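Colleague: Pasting target.txt below, which is compact mmCIF, C-alpha atoms.
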```
# COMPACT_ATOMS: atom_id res chain seq x y z
CA MET A 160 4.90 15.21 -2.18
CA GLY A 161 7.46 17.97 -2.42
CA GLY A 162 5.97 19.90 0.52
CA PRO A 163 2.96 19.56 2.79
CA ALA A 164 0.61 19.89 -0.17
CA GLN A 165 -0.46 22.19 -2.98
CA ALA A 166 -3.76 23.84 -3.91
CA LEU A 167 -6.60 21.32 -4.36
CA LEU A 168 -9.34 23.79 -5.27
CA ARG A 169 -9.56 27.51 -5.70
CA ASN A 170 -12.67 27.53 -3.52
CA PRO A 171 -12.45 27.33 0.28
CA VAL A 172 -11.99 23.80 1.58
CA SER A 173 -14.77 22.49 3.75
CA THR A 174 -13.77 21.53 7.28
CA THR A 175 -16.96 19.68 8.06
CA GLY A 176 -16.40 17.56 11.15
CA LEU A 177 -13.45 19.67 12.31
CA PRO A 178 -13.64 22.43 14.94
CA ARG A 179 -13.08 25.96 13.68
CA ARG A 180 -9.51 27.16 13.97
CA ASP A 181 -10.56 30.01 16.25
CA THR A 182 -12.26 27.85 18.88
CA GLY A 183 -9.09 26.92 20.70
CA THR A 184 -9.99 23.21 20.60
CA ALA A 185 -7.11 21.99 18.43
CA ALA A 186 -5.52 20.15 21.32
CA ALA A 187 -8.52 17.82 21.40
CA LEU A 188 -8.07 16.79 17.78
CA ASP A 189 -6.44 13.57 16.67
CA PRO A 190 -3.07 13.93 14.85
CA VAL A 191 -4.62 13.71 11.39
CA GLN A 192 -7.16 16.45 12.14
CA GLN A 193 -4.41 18.63 13.58
CA LYS A 194 -2.36 18.10 10.42
CA VAL A 195 -5.29 19.02 8.19
CA LEU A 196 -5.75 22.28 10.07
CA GLN A 197 -2.02 22.91 9.96
CA LEU A 198 -2.02 22.53 6.17
CA GLN A 199 -4.84 25.04 5.88
CA ARG A 200 -3.24 27.43 8.36
CA ASP A 201 0.23 27.27 6.77
CA ALA A 202 -0.80 27.86 3.19
CA GLY A 203 -4.51 28.56 3.22
CA ASN A 204 -6.73 26.73 0.82
CA ALA A 205 -3.96 26.78 -1.78
CA ALA A 206 -2.20 24.10 0.27
CA VAL A 207 -3.52 21.14 -1.61
CA THR A 208 -3.13 19.98 -5.23
CA GLN A 209 -5.30 21.91 -7.68
CA LEU A 210 -8.45 20.16 -8.84
CA VAL A 211 -9.66 22.99 -11.06
CA ARG A 212 -7.44 24.73 -13.58
CA PRO A 213 -7.13 28.55 -13.55
CA ASP A 214 -9.41 28.80 -16.58
CA GLY A 215 -12.10 26.84 -14.77
CA THR A 216 -11.73 23.68 -16.85
CA THR A 217 -10.82 20.28 -15.49
CA ASN A 218 -9.20 17.14 -16.78
CA ALA A 219 -12.00 15.00 -15.39
CA SER A 220 -13.31 12.30 -17.70
CA VAL A 221 -16.66 11.86 -15.98
CA PRO A 222 -19.45 14.27 -15.02
CA GLU A 223 -19.13 15.55 -11.47
CA ASP A 224 -21.28 17.41 -9.01
CA ALA A 225 -20.30 19.98 -6.43
CA ALA A 226 -20.77 17.52 -3.57
CA SER A 227 -18.35 15.01 -5.12
CA ILE A 228 -15.73 17.69 -5.66
CA GLU A 229 -16.16 18.95 -2.11
CA GLN A 230 -15.78 15.42 -0.74
CA ALA A 231 -12.71 14.86 -2.89
CA LYS A 232 -11.17 18.03 -1.48
CA GLY A 233 -11.66 16.80 2.05
CA LEU A 234 -10.28 13.35 1.29
CA PHE A 235 -7.22 14.83 -0.39
CA LEU A 236 -6.59 17.01 2.65
CA GLN A 237 -6.68 13.94 4.86
CA GLY A 238 -4.40 12.10 2.45
CA ALA A 239 -1.93 14.99 2.43
CA ALA A 240 -1.98 15.05 6.22
CA VAL A 241 -1.21 11.36 6.69
CA TYR A 242 1.36 11.48 3.87
CA ASP A 243 3.28 14.15 5.76
CA MET A 244 3.08 11.88 8.83
CA GLY A 245 4.70 9.03 6.89
CA GLN A 246 1.50 6.97 6.58
CA TYR A 247 1.85 6.41 2.85
CA ALA A 248 -0.51 3.44 2.54
CA LYS A 249 -3.40 5.38 4.07
CA ALA A 250 -2.48 8.41 1.97
CA TYR A 251 -2.70 6.25 -1.14
CA ASP A 252 -6.17 5.07 -0.14
CA PHE A 253 -7.39 8.63 0.50
CA PHE A 254 -5.93 9.85 -2.82
CA THR A 255 -7.46 6.91 -4.67
CA ARG A 256 -10.93 7.57 -3.32
CA ALA A 257 -10.56 11.28 -4.09
CA SER A 258 -9.60 10.33 -7.64
CA GLU A 259 -12.68 8.13 -7.96
CA LEU A 260 -14.85 11.11 -7.04
CA ALA A 261 -13.02 13.74 -9.06
CA PRO A 262 -10.41 12.35 -11.48
CA ARG A 263 -7.46 14.73 -11.82
CA ALA A 264 -3.96 14.45 -13.20
CA ASN A 265 -2.41 15.65 -9.98
CA LEU A 266 -4.22 12.99 -7.99
CA GLN A 267 -2.58 10.37 -10.21
CA PHE A 268 0.75 11.98 -9.37
CA SER A 269 -0.04 11.93 -5.65
CA ARG A 270 -1.07 8.28 -5.79
CA ALA A 271 2.21 7.45 -7.53
CA GLN A 272 4.17 9.36 -4.90
CA ALA A 273 2.47 7.44 -2.09
CA LEU A 274 3.17 4.07 -3.73
CA ARG A 275 6.81 4.97 -4.35
CA ARG A 276 7.26 5.94 -0.72
CA MET A 277 5.50 2.74 0.43
CA GLY A 278 7.82 0.48 -1.55
CA ALA A 279 7.04 -2.97 -2.97
CA HIS A 280 4.56 -1.34 -5.38
CA ARG A 281 7.09 -0.32 -7.99
CA ASP A 282 5.21 -1.41 -11.12
CA GLU A 283 2.01 0.31 -9.99
CA ALA A 284 3.90 3.50 -9.17
CA ILE A 285 5.62 3.50 -12.55
CA ALA A 286 2.27 3.05 -14.30
CA LEU A 287 0.74 5.99 -12.39
CA TYR A 288 3.68 8.30 -13.09
CA LYS A 289 3.37 7.47 -16.79
CA GLU A 290 -0.38 8.09 -16.66
CA TYR A 291 0.29 11.46 -15.08
CA LEU A 292 2.81 12.43 -17.77
CA ALA A 293 0.37 11.34 -20.49
CA THR A 294 -2.24 13.83 -19.24
CA GLY A 295 -0.08 16.76 -20.29
CA ASP A 296 -0.72 18.50 -16.95
CA GLY A 297 2.91 19.58 -16.87
CA LYS A 298 3.14 20.89 -13.31
CA ARG A 299 5.03 17.92 -11.89
CA ASP A 300 6.57 16.50 -15.06
CA ALA A 301 10.13 16.97 -13.80
CA ASP A 302 9.33 15.22 -10.52
CA ALA A 303 7.53 12.38 -12.28
CA THR A 304 10.38 11.92 -14.76
CA ARG A 305 12.92 11.89 -11.93
CA ALA A 306 10.86 9.32 -10.02
CA LEU A 307 10.61 7.09 -13.10
CA LYS A 308 14.36 7.21 -13.52
CA GLU A 309 14.74 6.16 -9.88
CA LEU A 310 12.28 3.28 -10.23
CA ASP A 311 13.18 1.99 -13.69
CA THR A 312 15.87 -0.58 -14.32
CA PRO A 313 18.80 0.77 -16.38
CA ALA A 314 18.83 -0.46 -19.95
CA SER A 315 21.27 -3.24 -20.70
CA THR A 316 24.50 -2.04 -22.27
CA GLY A 317 25.00 -5.34 -24.07
CA ASP A 318 28.25 -5.75 -22.15
CA LEU A 319 27.82 -8.58 -19.63
CA GLU A 320 30.51 -7.29 -17.29
CA LEU A 321 29.18 -3.73 -17.27
CA ASP A 322 25.63 -4.96 -16.66
CA ALA A 323 26.79 -7.23 -13.83
CA ALA A 324 28.64 -4.31 -12.21
CA ALA A 325 25.55 -2.08 -12.47
CA ALA A 326 23.37 -4.87 -11.05
CA LYS A 327 25.77 -5.29 -8.13
CA THR A 328 25.56 -1.59 -7.32
CA ILE A 329 21.77 -1.76 -7.27
CA PHE A 330 21.83 -5.00 -5.28
CA ASP A 331 24.16 -3.48 -2.69
CA LYS A 332 21.73 -0.60 -2.26
CA GLY A 333 18.99 -3.15 -1.64
CA ALA A 334 21.17 -5.03 0.83
CA ALA A 335 21.76 -1.82 2.79
CA LEU A 336 18.02 -1.15 2.89
CA TYR A 337 17.40 -4.74 4.00
CA GLU A 338 19.83 -4.30 6.90
CA GLN A 339 17.91 -1.15 7.85
CA ARG A 340 14.74 -3.29 7.90
CA ASP A 341 13.28 -1.37 4.97
CA PHE A 342 12.21 -4.61 3.33
CA ALA A 343 9.78 -2.99 0.89
CA HIS A 344 12.38 -0.81 -0.81
CA ALA A 345 14.99 -3.56 -0.51
CA TYR A 346 12.66 -5.75 -2.54
CA ASP A 347 12.36 -3.04 -5.19
CA GLU A 348 16.15 -2.73 -5.51
CA PHE A 349 16.66 -6.50 -5.60
CA THR A 350 14.04 -6.67 -8.34
CA ARG A 351 15.79 -3.98 -10.37
CA ALA A 352 19.09 -5.82 -9.98
CA GLY A 353 17.45 -9.07 -11.10
CA GLU A 354 16.02 -7.43 -14.20
CA LEU A 355 19.53 -6.42 -15.22
CA ALA A 356 21.37 -9.60 -14.23
CA ASP A 357 19.47 -12.87 -13.79
CA ARG A 358 21.15 -14.49 -10.77
CA PRO A 359 19.73 -17.18 -8.43
CA GLY A 360 21.01 -15.27 -5.39
CA ILE A 361 18.94 -12.24 -6.38
CA ILE A 362 15.80 -14.38 -6.63
CA PHE A 363 16.47 -15.67 -3.12
CA SER A 364 17.02 -12.13 -1.80
CA ARG A 365 13.73 -10.95 -3.31
CA ALA A 366 11.93 -13.81 -1.57
CA GLN A 367 13.62 -12.98 1.73
CA ALA A 368 12.59 -9.32 1.50
CA LEU A 369 8.94 -10.20 0.82
CA ARG A 370 8.86 -12.73 3.65
CA ARG A 371 10.26 -10.20 6.09
CA LEU A 372 7.91 -7.51 4.80
CA GLY A 373 4.83 -9.68 5.29
CA GLY A 374 1.52 -9.54 3.49
CA HIS A 375 3.02 -11.04 0.32
CA ARG A 376 3.15 -14.69 1.32
CA GLU A 377 2.20 -16.27 -2.01
CA GLU A 378 4.67 -14.13 -3.96
CA ALA A 379 7.44 -14.98 -1.48
CA MET A 380 6.76 -18.72 -1.79
CA ASP A 381 6.76 -18.47 -5.59
CA LEU A 382 10.17 -16.79 -5.48
CA TYR A 383 11.60 -19.39 -3.09
CA ARG A 384 10.37 -22.12 -5.43
CA ALA A 385 11.87 -20.29 -8.41
CA TYR A 386 15.18 -20.16 -6.55
CA LEU A 387 15.07 -23.89 -5.79
CA ALA A 388 14.30 -24.59 -9.45
CA THR A 389 17.62 -22.98 -10.46
CA LYS A 390 19.50 -25.79 -8.62
CA HIS A 391 21.84 -23.14 -7.24
CA GLY A 392 22.17 -25.11 -4.03
CA VAL A 393 23.76 -22.52 -1.76
CA ARG A 394 20.56 -21.49 0.05
CA ASP A 395 18.35 -24.50 -0.68
CA LYS A 396 17.82 -25.37 2.98
CA ASP A 397 16.94 -21.79 3.88
CA ALA A 398 14.51 -21.59 0.98
CA SER A 399 12.87 -24.91 1.90
CA ASP A 400 12.59 -23.88 5.55
CA ALA A 401 10.99 -20.58 4.53
CA ILE A 402 8.46 -22.35 2.31
CA ASN A 403 7.56 -24.64 5.20
CA GLU A 404 7.14 -21.62 7.48
CA LEU A 405 4.89 -19.83 5.00
CA SER A 406 2.87 -22.84 3.85
CA THR A 407 -0.37 -24.02 5.38
CA PRO A 408 -0.15 -27.46 7.06
CA GLU A 409 -1.83 -30.26 5.18
CA SER A 410 -5.24 -31.29 6.44
CA THR A 411 -5.08 -34.41 8.60
CA GLY A 412 -8.59 -35.43 7.65
CA ASP A 413 -9.50 -35.17 11.33
CA LEU A 414 -11.68 -32.07 11.76
CA ASP A 415 -10.90 -31.64 15.46
CA LYS A 416 -7.15 -31.78 14.84
CA ASP A 417 -7.39 -29.38 11.91
CA VAL A 418 -9.44 -26.93 13.97
CA ALA A 419 -6.89 -27.09 16.79
CA THR A 420 -4.01 -26.45 14.37
CA SER A 421 -5.92 -23.62 12.71
CA LYS A 422 -6.61 -22.04 16.10
CA SER A 423 -2.93 -22.17 16.98
CA ILE A 424 -2.04 -20.39 13.73
CA PHE A 425 -4.85 -17.89 14.21
CA ASP A 426 -3.70 -17.12 17.75
CA LYS A 427 -0.23 -16.36 16.41
CA GLY A 428 -1.83 -13.96 13.94
CA ALA A 429 -3.84 -12.34 16.74
CA ARG A 430 -0.67 -11.70 18.73
CA LEU A 431 0.97 -10.13 15.69
CA TYR A 432 -2.13 -8.01 15.11
CA ASP A 433 -2.09 -6.77 18.70
CA ALA A 434 1.60 -5.93 18.27
CA GLY A 435 0.74 -3.78 15.24
CA ASP A 436 2.31 -6.17 12.69
CA PHE A 437 -0.74 -6.27 10.45
CA ALA A 438 1.11 -7.66 7.41
CA HIS A 439 2.30 -10.83 9.13
CA ALA A 440 -0.99 -11.08 11.03
CA TYR A 441 -2.72 -11.20 7.66
CA ASP A 442 -0.42 -14.00 6.55
CA GLU A 443 -1.21 -16.08 9.64
CA PHE A 444 -4.93 -15.44 9.39
CA SER A 445 -4.76 -16.54 5.76
CA ARG A 446 -2.98 -19.76 6.70
CA ALA A 447 -5.58 -20.45 9.38
CA GLY A 448 -8.38 -19.85 6.90
CA GLU A 449 -6.86 -22.22 4.36
CA LEU A 450 -7.01 -25.01 6.93
CA THR A 451 -10.48 -24.34 8.30
CA ASP A 452 -13.05 -22.20 6.49
CA ARG A 453 -14.51 -19.95 9.19
CA ALA A 454 -16.39 -16.68 8.76
CA GLY A 455 -14.52 -15.10 11.66
CA ILE A 456 -11.19 -15.69 9.93
CA LEU A 457 -12.42 -13.84 6.85
CA PHE A 458 -13.31 -10.91 9.07
CA SER A 459 -9.90 -10.96 10.73
CA ARG A 460 -8.11 -11.01 7.38
CA ALA A 461 -10.17 -8.01 6.28
CA GLN A 462 -9.36 -6.19 9.52
CA ALA A 463 -5.63 -6.79 9.05
CA LEU A 464 -5.67 -5.42 5.50
CA LYS A 465 -7.78 -2.45 6.58
CA ARG A 466 -5.22 -1.56 9.26
CA LEU A 467 -2.31 -2.21 6.90
CA GLY A 468 -3.64 0.21 4.28
CA GLY A 469 -2.87 0.35 0.60
CA ARG A 470 -4.96 -2.75 -0.13
CA ARG A 471 -8.43 -1.30 0.01
CA GLU A 472 -10.00 -3.40 -2.74
CA GLU A 473 -8.80 -6.64 -1.15
CA ALA A 474 -10.08 -5.59 2.26
CA MET A 475 -13.47 -4.68 0.80
CA ALA A 476 -13.70 -8.03 -0.97
CA LEU A 477 -12.99 -9.88 2.28
CA TYR A 478 -15.56 -7.88 4.25
CA GLN A 479 -18.11 -8.61 1.52
CA ALA A 480 -17.23 -12.32 1.57
CA TYR A 481 -17.74 -12.32 5.34
CA LEU A 482 -21.13 -10.64 5.00
CA ASP A 483 -22.15 -13.01 2.21
CA LYS A 484 -21.68 -15.96 4.54
CA GLY A 485 -24.37 -14.53 6.80
CA GLN A 486 -22.56 -15.91 9.83
CA GLY A 487 -20.48 -14.53 12.63
CA THR A 488 -20.95 -11.87 15.27
CA ARG A 489 -19.31 -8.94 13.47
CA GLN A 490 -21.85 -8.29 10.72
CA ALA A 491 -22.48 -4.70 11.83
CA ASP A 492 -18.75 -3.96 12.11
CA ALA A 493 -18.10 -5.43 8.67
CA THR A 494 -20.92 -3.40 7.14
CA THR A 495 -19.59 -0.19 8.67
CA ALA A 496 -16.01 -0.88 7.61
CA LEU A 497 -17.06 -1.78 4.07
CA GLU A 498 -19.07 1.41 3.69
CA GLU A 499 -16.27 3.58 5.07
CA LEU A 500 -13.71 2.00 2.74
CA ARG A 501 -16.06 2.44 -0.20
CA THR A 502 -16.97 6.06 0.48
CA LYS A 503 -13.94 7.43 2.33
CA GLY A 504 -11.08 5.22 1.20
CA VAL A 505 -10.01 4.55 4.78
CA ALA A 506 -11.95 2.99 7.67
CA LYS A 507 -11.34 3.38 11.37
```
Please, can you express the file's structure as structure tokens?

Modeller:
Amino acid sequence: MGGPAQALLRNPVSTTGLPRRDTGTAAALDPVQQKVLQLQRDAGNAAVTQLVRPDGTTNASVPEDAASIEQAKGLFLQGAAVYDMGQYAKAYDFFTRASELAPRANLQFSRAQALRRMGAHRDEAIALYKEYLATGDGKRDADATRALKELDTPASTGDLELDAAAAKTIFDKGAALYEQRDFAHAYDEFTRAGELADRPGIIFSRAQALRRLGGHREEAMDLYRAYLATKHGVRDKDASDAINELSTPESTGDLDKDVATSKSIFDKGARLYDAGDFAHAYDEFSRAGELTDRAGILFSRAQALKRLGGRREEAMALYQAYLDKGQGTRQADATTALEELRTKGVAK
């Protein structure tokens, strides 16, 4: 965000739930708590983005109370801490919840920054940068304008050869990111290239990036199908194989067989989850759930999205769907997670 953070409020930031800095207990804190204290220590309470203007006015569009503002301050601090640790999805969720409590122009900017750093959320980031600029806040206009230039697709020159050359430059950047396993930003660059020059190979590359990224199974399948529809032919087998890999097996009509197949898919998702690959775990849990409708699979999908971050609303919806079934052994866990996501933006 251009530094650890900037001033969130002119008033002292509450550290409720954190040991005092003079107690000598910092070593016992988790990394996020340590980072929060570091932000306060390095730059005092002016270390986080300003929620109140110098003249005491705000750009909030809804009435607020002191408790909401205080909670927003704390959430922003946590978001700034995880942002500086490279956990952009969680940062986005913290910033979003802070914005719900105390809408501010600079929180829109911070949300946009987090999405840009996450990758594969280009349109949403662009929209938030534009929203920030429209507020007239001014403090980060240059940064927002620079980010928009980075994210936007260059305008067509009207010269096919020039546009193709520009698209190739963008595509090559995406290919380099893909080789570095940065599939999210590779997808963004492939998409920009495709907006400038409509080529079947670019459609295929976008699909590949989403499949490797995980958590975007339906979008990846749609892109593979769009590639096949071009009749390009060069990567038809690869596209068909990928669709088969991502698709849910057809029901056999035999419940026992379907349950066994679903369990095999679910177990693959569980292994991915345990390995920390929450995006692909979510994909496998979703496939399992499409074959056999089980409450426990809904809970597992919600857990995967919760751990993935950046998809708070979807995770909340899945936890609620699990609770609405009134089945399963994780009702208390789902209730706790749902409440934490609703009130804090992030759940443990």

Colleague: Here is a test: counting only C-alpha atoms, which residue of A:Arg275, A:Arg351, A:Lys422, A:Arg394 is nearest to Gln367 in chain A?

Modeller: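 Distance minimum relative to Gln367 in chain A lands on A:Arg394.
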
Colleague: Please list as a PyMOL selection string every residue within 10 Å of Ala429 in chain A, counting only C-alpha atoms and excluding residues in the same chain fewer than 5 positions away.

Modeller: chain A and resi 423-424+434-437+439-441+443-444+459+463

Colleague: Find the residue from A:Ala324, A:Leu260, A:Leu464, A:Ala352 that sits nearest to Ser227 in chain A; use all atoms listed in the file when measuring.

Modeller: A:Leu260

Colleague: Expressed in Å to a single decimal, how great is the separation between CA of Asn403 in chain A and CA of Asp426 in chain A?

Modeller: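 Straight-line distance from CA of Asn403 in chain A to CA of Asp426 in chain A works out to 18.5 Å.
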
Colleague: Give me, as a PyMOL selection string, all polymer residues having an atom no more than 8 Å from Ile228 in chain A, counting all atoms listed in the file and skipping those fewer than 4 positions away in the same chain.

Modeller: chain A and resi 223-224+232+260-261

Colleague: In Å, with one decimal, what is the gap from CA of Arg358 in chain A to CA of Glu338 in chain A?

Modeller: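 For CA of Arg358 in chain A relative to CA of Glu338 in chain A, the distance reads 20.4 Å.
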